[in-house]
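Coordinates as given in entry11.cif (mmCIF, C-alpha atoms, pLDDT in the B column; chains and numbers go by the auth columns):
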```cif
data_data
#
loop_
_atom_site.group_PDB
_atom_site.id
_atom_site.type_symbol
_atom_site.label_atom_id
_atom_site.label_comp_id
_atom_site.label_asym_id
_atom_site.label_seq_id
_atom_site.Cartn_x
_atom_site.Cartn_y
_atom_site.Cartn_z
_atom_site.B_iso_or_equiv
_atom_site.auth_seq_id
_atom_site.auth_asym_id
ATOM 1 C CA MET A 1 0.000 0.000 0.000 68.00 1 S
ATOM 2 C CA THR A 2 2.840 2.368 0.877 77.00 2 S
ATOM 3 C CA ALA A 3 4.481 1.651 -2.484 77.00 3 S
ATOM 4 C CA VAL A 4 1.246 2.559 -4.296 75.00 4 S
ATOM 5 C CA ILE A 5 0.944 5.846 -2.385 79.00 5 S
ATOM 6 C CA ASP A 6 4.579 6.665 -3.115 80.00 6 S
ATOM 7 C CA GLN A 7 4.021 5.970 -6.814 88.00 7 S
ATOM 8 C CA LEU A 8 0.915 8.182 -6.878 85.00 8 S
ATOM 9 C CA ASN A 9 2.843 10.962 -5.129 90.00 9 S
ATOM 10 C CA SER A 10 5.623 10.623 -7.676 92.00 10 S
ATOM 11 C CA LEU A 11 3.160 10.836 -10.588 95.00 11 S
ATOM 12 C CA ASP A 12 1.479 13.809 -8.933 96.00 12 S
ATOM 13 C CA LYS A 13 4.805 15.640 -8.683 96.00 13 S
ATOM 14 C CA GLU A 14 5.685 14.842 -12.292 96.00 14 S
ATOM 15 C CA LEU A 15 2.332 16.123 -13.555 97.00 15 S
ATOM 16 C CA PHE A 16 2.713 19.217 -11.389 97.00 16 S
ATOM 17 C CA LEU A 17 6.116 20.015 -12.876 97.00 17 S
ATOM 18 C CA VAL A 18 4.702 19.685 -16.400 97.00 18 S
ATOM 19 C CA LEU A 19 1.736 21.972 -15.700 97.00 19 S
ATOM 20 C CA ASN A 20 3.681 24.446 -13.573 97.00 20 S
ATOM 21 C CA GLY A 21 6.360 24.578 -16.251 96.00 21 S
ATOM 22 C CA MET A 22 3.837 25.861 -18.801 96.00 22 S
ATOM 23 C CA HIS A 23 4.139 29.560 -18.032 95.00 23 S
ATOM 24 C CA THR A 24 4.968 32.848 -19.730 95.00 24 S
ATOM 25 C CA SER A 25 6.034 36.178 -18.271 95.00 25 S
ATOM 26 C CA TRP A 26 2.999 38.073 -19.639 96.00 26 S
ATOM 27 C CA LEU A 27 0.607 35.556 -18.068 96.00 27 S
ATOM 28 C CA ASP A 28 2.180 35.666 -14.591 97.00 28 S
ATOM 29 C CA PRO A 29 0.489 38.896 -13.388 96.00 29 S
ATOM 30 C CA ILE A 30 -2.866 37.820 -14.858 96.00 30 S
ATOM 31 C CA VAL A 31 -2.834 34.465 -13.072 97.00 31 S
ATOM 32 C CA TYR A 32 -1.571 36.079 -9.869 96.00 32 S
ATOM 33 C CA ARG A 33 -4.640 38.322 -9.832 95.00 33 S
ATOM 34 C CA ALA A 34 -7.041 35.604 -10.992 95.00 34 S
ATOM 35 C CA THR A 35 -6.308 33.590 -7.850 94.00 35 S
ATOM 36 C CA ASP A 36 -7.359 36.515 -5.629 93.00 36 S
ATOM 37 C CA THR A 37 -11.032 36.720 -4.581 90.00 37 S
ATOM 38 C CA VAL A 38 -11.067 40.531 -4.807 92.00 38 S
ATOM 39 C CA TYR A 39 -10.660 40.522 -8.586 93.00 39 S
ATOM 40 C CA TRP A 40 -13.744 38.346 -8.997 95.00 40 S
ATOM 41 C CA ILE A 41 -16.108 40.806 -7.253 94.00 41 S
ATOM 42 C CA PRO A 42 -17.826 41.911 -10.533 94.00 42 S
ATOM 43 C CA PHE A 43 -18.470 38.231 -11.294 94.00 43 S
ATOM 44 C CA TYR A 44 -19.916 37.666 -7.810 95.00 44 S
ATOM 45 C CA LEU A 45 -22.180 40.696 -8.228 95.00 45 S
ATOM 46 C CA PHE A 46 -23.377 39.216 -11.528 94.00 46 S
ATOM 47 C CA LEU A 47 -24.309 35.986 -9.732 94.00 47 S
ATOM 48 C CA LEU A 48 -25.935 37.941 -6.899 93.00 48 S
ATOM 49 C CA TYR A 49 -28.132 39.735 -9.444 92.00 49 S
ATOM 50 C CA HIS A 50 -29.417 36.425 -10.820 91.00 50 S
ATOM 51 C CA ILE A 51 -29.973 35.001 -7.342 91.00 51 S
ATOM 52 C CA ILE A 52 -32.084 37.992 -6.253 91.00 52 S
ATOM 53 C CA LYS A 53 -33.913 38.089 -9.589 89.00 53 S
ATOM 54 C CA GLU A 54 -34.861 34.413 -9.292 87.00 54 S
ATOM 55 C CA TYR A 55 -35.526 34.095 -5.560 84.00 55 S
ATOM 56 C CA LYS A 56 -36.195 37.678 -4.389 82.00 56 S
ATOM 57 C CA LEU A 57 -36.356 37.701 -0.560 77.00 57 S
ATOM 58 C CA THR A 58 -35.578 33.992 -0.440 79.00 58 S
ATOM 59 C CA GLY A 59 -32.304 35.011 -2.039 81.00 59 S
ATOM 60 C CA LEU A 60 -30.977 35.605 1.474 86.00 60 S
ATOM 61 C CA LEU A 61 -31.497 31.916 2.116 88.00 61 S
ATOM 62 C CA VAL A 62 -29.598 31.126 -1.088 91.00 62 S
ATOM 63 C CA LEU A 63 -26.703 33.314 0.041 93.00 63 S
ATOM 64 C CA SER A 64 -26.760 31.493 3.371 93.00 64 S
ATOM 65 C CA GLY A 65 -26.448 28.252 1.416 94.00 65 S
ATOM 66 C CA VAL A 66 -23.424 29.593 -0.460 95.00 66 S
ATOM 67 C CA ALA A 67 -21.894 30.771 2.822 95.00 67 S
ATOM 68 C CA LEU A 68 -22.510 27.380 4.451 96.00 68 S
ATOM 69 C CA THR A 69 -20.886 25.626 1.477 97.00 69 S
ATOM 70 C CA ILE A 70 -17.768 27.776 1.747 96.00 70 S
ATOM 71 C CA ILE A 71 -17.568 27.425 5.527 97.00 71 S
ATOM 72 C CA LEU A 72 -17.889 23.637 5.337 97.00 72 S
ATOM 73 C CA SER A 73 -15.427 23.175 2.480 97.00 73 S
ATOM 74 C CA ASP A 74 -12.920 25.593 3.995 96.00 74 S
ATOM 75 C CA GLN A 75 -13.045 24.017 7.438 96.00 75 S
ATOM 76 C CA ILE A 76 -12.684 20.494 6.063 97.00 76 S
ATOM 77 C CA THR A 77 -9.695 21.350 3.857 97.00 77 S
ATOM 78 C CA THR A 78 -7.931 24.008 5.915 96.00 78 S
ATOM 79 C CA GLY A 79 -9.025 23.081 9.419 95.00 79 S
ATOM 80 C CA LEU A 80 -8.868 19.277 9.148 97.00 80 S
ATOM 81 C CA MET A 81 -7.080 17.911 6.092 97.00 81 S
ATOM 82 C CA LYS A 82 -4.072 20.217 5.826 97.00 82 S
ATOM 83 C CA PRO A 83 -2.885 19.791 9.427 96.00 83 S
ATOM 84 C CA TYR A 84 -3.755 16.072 9.432 96.00 84 S
ATOM 85 C CA PHE A 85 -1.965 15.087 6.207 95.00 85 S
ATOM 86 C CA ALA A 86 0.717 17.777 6.599 95.00 86 S
ATOM 87 C CA ARG A 87 1.723 17.486 2.946 95.00 87 S
ATOM 88 C CA LEU A 88 4.115 20.249 2.003 96.00 88 S
ATOM 89 C CA ARG A 89 3.116 22.514 -0.861 97.00 89 S
ATOM 90 C CA PRO A 90 5.401 22.198 -3.885 97.00 90 S
ATOM 91 C CA SER A 91 6.598 25.728 -3.114 97.00 91 S
ATOM 92 C CA HIS A 92 7.883 24.447 0.250 97.00 92 S
ATOM 93 C CA GLU A 93 9.068 21.012 -0.883 96.00 93 S
ATOM 94 C CA PRO A 94 12.882 20.767 -0.464 95.00 94 S
ATOM 95 C CA SER A 95 13.214 18.127 -3.205 94.00 95 S
ATOM 96 C CA LEU A 96 11.634 20.539 -5.714 95.00 96 S
ATOM 97 C CA GLU A 97 13.671 23.595 -4.763 93.00 97 S
ATOM 98 C CA GLY A 98 14.703 25.514 -7.857 93.00 98 S
ATOM 99 C CA MET A 99 12.287 23.538 -10.056 96.00 99 S
ATOM 100 C CA VAL A 100 9.042 25.317 -9.158 97.00 100 S
ATOM 101 C CA HIS A 101 7.896 28.412 -11.025 97.00 101 S
ATOM 102 C CA LEU A 102 6.770 31.005 -8.458 97.00 102 S
ATOM 103 C CA VAL A 103 5.201 34.416 -9.095 97.00 103 S
ATOM 104 C CA ASN A 104 6.170 37.393 -6.915 95.00 104 S
ATOM 105 C CA ASN A 105 7.796 34.873 -4.568 95.00 105 S
ATOM 106 C CA TYR A 106 4.324 33.811 -3.414 96.00 106 S
ATOM 107 C CA LYS A 107 4.560 30.452 -1.640 96.00 107 S
ATOM 108 C CA GLY A 108 1.371 30.151 0.400 95.00 108 S
ATOM 109 C CA ALA A 109 1.172 28.479 3.800 95.00 109 S
ATOM 110 C CA MET A 110 3.208 25.369 4.596 97.00 110 S
ATOM 111 C CA TYR A 111 0.676 22.621 3.810 97.00 111 S
ATOM 112 C CA GLY A 112 -1.497 22.228 0.725 96.00 112 S
ATOM 113 C CA PHE A 113 -3.555 19.011 0.803 96.00 113 S
ATOM 114 C CA ALA A 114 -6.306 19.636 -0.025 96.00 114 S
ATOM 115 C CA SER A 115 -6.836 22.929 -1.839 97.00 115 S
ATOM 116 C CA SER A 116 -9.343 25.229 -0.149 97.00 116 S
ATOM 117 C CA HIS A 117 -9.489 27.361 -3.312 96.00 117 S
ATOM 118 C CA ALA A 118 -10.677 24.305 -5.246 97.00 118 S
ATOM 119 C CA ALA A 119 -13.076 23.272 -2.477 98.00 119 S
ATOM 120 C CA ASN A 120 -14.642 26.732 -2.167 97.00 120 S
ATOM 121 C CA THR A 121 -15.041 27.381 -5.898 97.00 121 S
ATOM 122 C CA PHE A 122 -16.264 23.901 -6.833 98.00 122 S
ATOM 123 C CA GLY A 123 -18.569 23.905 -3.816 98.00 123 S
ATOM 124 C CA THR A 124 -20.103 27.220 -4.864 97.00 124 S
ATOM 125 C CA ALA A 125 -20.398 26.011 -8.462 98.00 125 S
ATOM 126 C CA ALA A 126 -22.101 22.777 -7.377 98.00 126 S
ATOM 127 C CA PHE A 127 -24.559 24.506 -5.037 97.00 127 S
ATOM 128 C CA LEU A 128 -25.620 27.152 -7.559 97.00 128 S
ATOM 129 C CA TRP A 129 -25.779 24.691 -10.452 97.00 129 S
ATOM 130 C CA LEU A 130 -28.016 22.328 -8.466 96.00 130 S
ATOM 131 C CA LEU A 131 -30.208 25.304 -7.593 94.00 131 S
ATOM 132 C CA PHE A 132 -30.455 26.793 -11.086 94.00 132 S
ATOM 133 C CA ARG A 133 -29.917 23.774 -13.355 93.00 133 S
ATOM 134 C CA LYS A 134 -33.523 23.889 -14.646 92.00 134 S
ATOM 135 C CA SER A 135 -34.121 27.646 -14.921 91.00 135 S
ATOM 136 C CA LYS A 136 -30.575 28.700 -15.838 93.00 136 S
ATOM 137 C CA PRO A 137 -28.670 25.745 -17.333 93.00 137 S
ATOM 138 C CA TRP A 138 -25.797 28.068 -18.249 95.00 138 S
ATOM 139 C CA MET A 139 -24.844 27.957 -14.564 95.00 139 S
ATOM 140 C CA ALA A 140 -22.956 24.782 -15.500 96.00 140 S
ATOM 141 C CA TRP A 141 -20.245 27.167 -16.767 97.00 141 S
ATOM 142 C CA LEU A 142 -19.467 27.858 -13.115 97.00 142 S
ATOM 143 C CA PHE A 143 -17.494 24.619 -13.140 98.00 143 S
ATOM 144 C CA LEU A 144 -15.243 26.132 -15.796 97.00 144 S
ATOM 145 C CA TRP A 145 -14.712 29.140 -13.525 97.00 145 S
ATOM 146 C CA ALA A 146 -13.869 26.815 -10.628 98.00 146 S
ATOM 147 C CA THR A 147 -11.426 24.917 -12.839 97.00 147 S
ATOM 148 C CA LEU A 148 -9.754 28.158 -13.926 97.00 148 S
ATOM 149 C CA VAL A 149 -9.336 29.438 -10.367 97.00 149 S
ATOM 150 C CA SER A 150 -8.068 26.051 -9.230 97.00 150 S
ATOM 151 C CA TYR A 151 -5.562 25.856 -12.077 97.00 151 S
ATOM 152 C CA THR A 152 -4.044 29.162 -10.990 97.00 152 S
ATOM 153 C CA ARG A 153 -2.898 27.397 -7.826 98.00 153 S
ATOM 154 C CA ILE A 154 -0.839 24.926 -9.863 98.00 154 S
ATOM 155 C CA TYR A 155 0.488 27.695 -12.104 98.00 155 S
ATOM 156 C CA LEU A 156 1.617 29.660 -9.058 98.00 156 S
ATOM 157 C CA GLY A 157 3.382 26.599 -7.677 97.00 157 S
ATOM 158 C CA VAL A 158 1.401 26.241 -4.456 98.00 158 S
ATOM 159 C CA HIS A 159 -0.658 23.093 -5.172 98.00 159 S
ATOM 160 C CA TYR A 160 -0.228 19.683 -6.734 97.00 160 S
ATOM 161 C CA PRO A 161 -2.932 18.384 -9.114 97.00 161 S
ATOM 162 C CA ALA A 162 -4.106 15.911 -6.450 97.00 162 S
ATOM 163 C CA ASP A 163 -4.650 18.821 -4.036 97.00 163 S
ATOM 164 C CA ILE A 164 -6.976 20.364 -6.603 98.00 164 S
ATOM 165 C CA VAL A 165 -8.875 17.178 -7.490 97.00 165 S
ATOM 166 C CA VAL A 166 -9.502 16.171 -3.873 97.00 166 S
ATOM 167 C CA GLY A 167 -10.338 19.738 -2.874 98.00 167 S
ATOM 168 C CA GLY A 168 -12.805 19.968 -5.745 98.00 168 S
ATOM 169 C CA LEU A 169 -14.518 16.725 -4.712 98.00 169 S
ATOM 170 C CA VAL A 170 -14.779 17.939 -1.112 98.00 170 S
ATOM 171 C CA GLY A 171 -16.321 21.178 -2.366 98.00 171 S
ATOM 172 C CA ILE A 172 -18.864 19.396 -4.587 98.00 172 S
ATOM 173 C CA LEU A 173 -19.924 17.226 -1.646 98.00 173 S
ATOM 174 C CA CYS A 174 -20.326 20.318 0.574 98.00 174 S
ATOM 175 C CA GLY A 175 -22.309 22.052 -2.176 97.00 175 S
ATOM 176 C CA TRP A 176 -24.636 19.050 -2.412 98.00 176 S
ATOM 177 C CA ILE A 177 -25.133 18.984 1.381 97.00 177 S
ATOM 178 C CA SER A 178 -25.950 22.712 1.431 96.00 178 S
ATOM 179 C CA PHE A 179 -28.362 22.248 -1.492 96.00 179 S
ATOM 180 C CA LYS A 180 -30.227 19.513 0.387 95.00 180 S
ATOM 181 C CA LEU A 181 -30.423 21.669 3.524 94.00 181 S
ATOM 182 C CA PHE A 182 -31.628 24.622 1.444 90.00 182 S
ATOM 183 C CA GLY A 183 -34.377 22.488 -0.069 87.00 183 S
ATOM 184 C CA ARG A 184 -35.490 21.309 3.347 89.00 184 S
ATOM 185 C CA LEU A 185 -35.544 24.823 4.820 86.00 185 S
ATOM 186 C CA ARG A 186 -37.470 26.094 1.810 81.00 186 S
ATOM 187 C CA GLU A 187 -40.101 23.387 2.305 81.00 187 S
ATOM 188 C CA ILE A 188 -40.487 24.367 5.962 82.00 188 S
ATOM 189 C CA LEU A 189 -40.883 28.065 5.075 76.00 189 S
ATOM 190 C CA GLU A 190 -43.460 27.320 2.374 74.00 190 S
ATOM 191 C CA LYS A 191 -45.483 25.173 4.790 76.00 191 S
ATOM 192 C CA ARG A 192 -45.543 28.022 7.312 75.00 192 S
ATOM 193 C CA LYS A 193 -46.771 30.435 4.643 68.00 193 S
ATOM 194 C CA THR A 194 -49.583 28.111 3.575 62.00 194 S
ATOM 195 C CA PRO A 195 -52.666 28.721 5.767 56.00 195 S
ATOM 196 C CA SER A 196 -54.006 25.614 7.467 52.00 196 S
ATOM 197 C CA ILE A 197 -57.495 24.450 6.457 49.00 197 S
ATOM 198 C CA PRO A 198 -59.792 24.036 9.495 49.00 198 S
#
```

File written out as structure tokens:
Amino acid sequence: MTAVIDQLNSLDKELFLVLNGMHTSWLDPIVYRATDTVYWIPFYLFLLYHIIKEYKLTGLLVLSGVALTIILSDQITTGLMKPYFARLRPSHEPSLEGMVHLVNNYKGAMYGFASSHAANTFGTAAFLWLLFRKSKPWMAWLFLWATLVSYTRIYLGVHYPADIVVGGLVGILCGWISFKLFGRLREILEKRKTPSIP
């Protein structure tokens, strides 16, 4: 079993070096900004508009669902998995020193398994897609956004591909859990609004 894990780790590092090695100087500042939440504010406002338009006052409940998804996925990856597995980021891995392309000397925190960026973005994408898949099927494009943001972490040298894949799966699971809770809460609220027949 240990040999299999070692082989998977080796393949993960090799794939990382291939992907991280695909960089250009003009793309560095773009990717560096794309990984930062602040630069996505116009996009978030665009999503907020569609949430309010579709759900009106219930939109606050939708936003609570998004918040719950992010809290869950972030706590699982950052609060539990990273300290438990204690897998060094490639930017901190001694055996990869001098081989990793970094931007602005950004290295991130010490441990990287699993990626909270991937968990948060894929979780948000999953929750909103499940919510809007019938009325707004284009919400499926959110998974492309999540993939783009997650890829920036490999480009910047702070995550291995496995960090991204596992983080994304954690996020999707959290998004599904939040969606189920949202549905249940919505049912309860609708029942309270419906007058009882004597």

Evaluating the PyMOL selection byres ((chain S and resi 103) around 10) on the displayed file yields which residues, as a PyMOL selection string?
chain S and resi 25+28-29+31-32+100-102+104-107+155-157

Mind writing the picked residues with C-alpha atoms as a PDB file, in the coordinates of the input?
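Saved to out-v4.pdb:
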```pdb
ATOM      1  CA  SER S  25       6.034  36.178 -18.271  1.00 95.00           C
ATOM      2  CA  ASP S  28       2.180  35.666 -14.591  1.00 97.00           C
ATOM      3  CA  PRO S  29       0.489  38.896 -13.388  1.00 96.00           C
ATOM      4  CA  VAL S  31      -2.834  34.465 -13.072  1.00 97.00           C
ATOM      5  CA  TYR S  32      -1.571  36.079  -9.869  1.00 96.00           C
ATOM      6  CA  VAL S 100       9.042  25.317  -9.158  1.00 97.00           C
ATOM      7  CA  HIS S 101       7.896  28.412 -11.025  1.00 97.00           C
ATOM      8  CA  LEU S 102       6.770  31.005  -8.458  1.00 97.00           C
ATOM      9  CA  ASN S 104       6.170  37.393  -6.915  1.00 95.00           C
ATOM     10  CA  ASN S 105       7.796  34.873  -4.568  1.00 95.00           C
ATOM     11  CA  TYR S 106       4.324  33.811  -3.414  1.00 96.00           C
ATOM     12  CA  LYS S 107       4.560  30.452  -1.640  1.00 96.00           C
ATOM     13  CA  TYR S 155       0.488  27.695 -12.104  1.00 98.00           C
ATOM     14  CA  LEU S 156       1.617  29.660  -9.058  1.00 98.00           C
ATOM     15  CA  GLY S 157       3.382  26.599  -7.677  1.00 97.00           C
TER      16      GLY S 157
END
```

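The residue that comes closest to S:Asp12, out of S:His159, S:Lys53, S:Lys134, S:Lys180 and on the basis of all atoms listed in the file, is S:His159.
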
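Closest approach to S:Ile5 among S:Ala162, S:Leu131, S:Leu48, S:Glu54: S:Ala162, based on all atoms listed in the file.
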
Taking the file as shown, what set of residues would the PyMOL selection byres ((chain S and resi 146) around 8) give back, as an NGL selection string?
:S and (118 or 121-122 or 125 or 142-145 or 147-150)

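Ranking S:Lys191, S:Leu11, S:Thr37, S:Ser178 by their shortest atom-to-atom distance to S:Val62, with all atoms listed in the file included, puts S:Ser178 first.
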
Computed interatomic separation between atom CA of S:Phe132 and atom CA of S:Ile51 (Å)
9.0 Å

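The spacing separating atom CA of S:Phe113 from atom CA of S:Tyr151 amounts to 14.7 Å.
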
Skip S:Phe179 itself and residues of its chain fewer than 5 positions away, then list as a PDB file with C-alpha atoms, in the frame of the given file all residues within 9 Å of it, counting all atoms listed in the file.
```
ATOM      1  CA  VAL S  62     -29.598  31.126  -1.088  1.00 91.00           C
ATOM      2  CA  GLY S  65     -26.448  28.252   1.416  1.00 94.00           C
ATOM      3  CA  VAL S  66     -23.424  29.593  -0.460  1.00 95.00           C
ATOM      4  CA  THR S  69     -20.886  25.626   1.477  1.00 97.00           C
ATOM      5  CA  ALA S 126     -22.101  22.777  -7.377  1.00 98.00           C
ATOM      6  CA  PHE S 127     -24.559  24.506  -5.037  1.00 97.00           C
ATOM      7  CA  LEU S 128     -25.620  27.152  -7.559  1.00 97.00           C
ATOM      8  CA  LEU S 130     -28.016  22.328  -8.466  1.00 96.00           C
ATOM      9  CA  LEU S 131     -30.208  25.304  -7.593  1.00 94.00           C
ATOM     10  CA  CYS S 174     -20.326  20.318   0.574  1.00 98.00           C
ATOM     11  CA  ARG S 184     -35.490  21.309   3.347  1.00 89.00           C
TER      12      ARG S 184
END
```

In Å and to one decimal, atom CA of S:Gly123 is distant from atom CA of S:Ala109 by 21.6 Å

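Look at S:Ala114: the protein and nucleic acid residues within 8 Å of it, using all atoms listed in the file and passing over chain neighbours fewer than 3 places away, are Thr77, Thr78, Met81, Lys82, Ala162, Asp163, Ile164, Val166 and Gly167 of chain S.
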
Could you save the residues just selected, with C-alpha atoms, as a CSV table (one decimal), in the frame of the given file?
```csv
chain,number,residue,atom,x,y,z
S,77,THR,CA,-9.7,21.4,3.9
S,78,THR,CA,-7.9,24.0,5.9
S,81,MET,CA,-7.1,17.9,6.1
S,82,LYS,CA,-4.1,20.2,5.8
S,162,ALA,CA,-4.1,15.9,-6.4
S,163,ASP,CA,-4.6,18.8,-4.0
S,164,ILE,CA,-7.0,20.4,-6.6
S,166,VAL,CA,-9.5,16.2,-3.9
S,167,GLY,CA,-10.3,19.7,-2.9
```

Neighbourhood query: residues within 12 Å of (10.0, 20.7, -2.9), file coordinates, counting only C-alpha atoms; return as a ChimeraX atom specification.
/S:10,13-14,16-17,87-101,107,110-111,157-160

Looking at S:Gly108, S:Pro137, S:Phe182, S:Trp40, which one is nearest to S:Leu63, with distances taken over only C-alpha atoms?
S:Phe182

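Each of S:Met139, S:Ala86, S:Leu80, S:Ile154 was compared to S:Met22 using all atoms listed in the file, and S:Ile154 turns out to be the nearest.
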
Each stretch 101-169 of chain S residue no farther than 8 Å from stretch 70-74 of chain S, nearest pair in Å, only C-alpha atoms, as JSON lines:
```
{"residue": "S:Ser116", "atom": "CA", "partner": "S:Asp74", "partner_atom": "CA", "distance": 5.5}
{"residue": "S:Ala119", "atom": "CA", "partner": "S:Ser73", "partner_atom": "CA", "distance": 5.5}
{"residue": "S:Asn120", "atom": "CA", "partner": "S:Ile70", "partner_atom": "CA", "distance": 5.1}
{"residue": "S:Gly123", "atom": "CA", "partner": "S:Ile70", "partner_atom": "CA", "distance": 6.8}
{"residue": "S:Thr124", "atom": "CA", "partner": "S:Ile70", "partner_atom": "CA", "distance": 7.0}
```
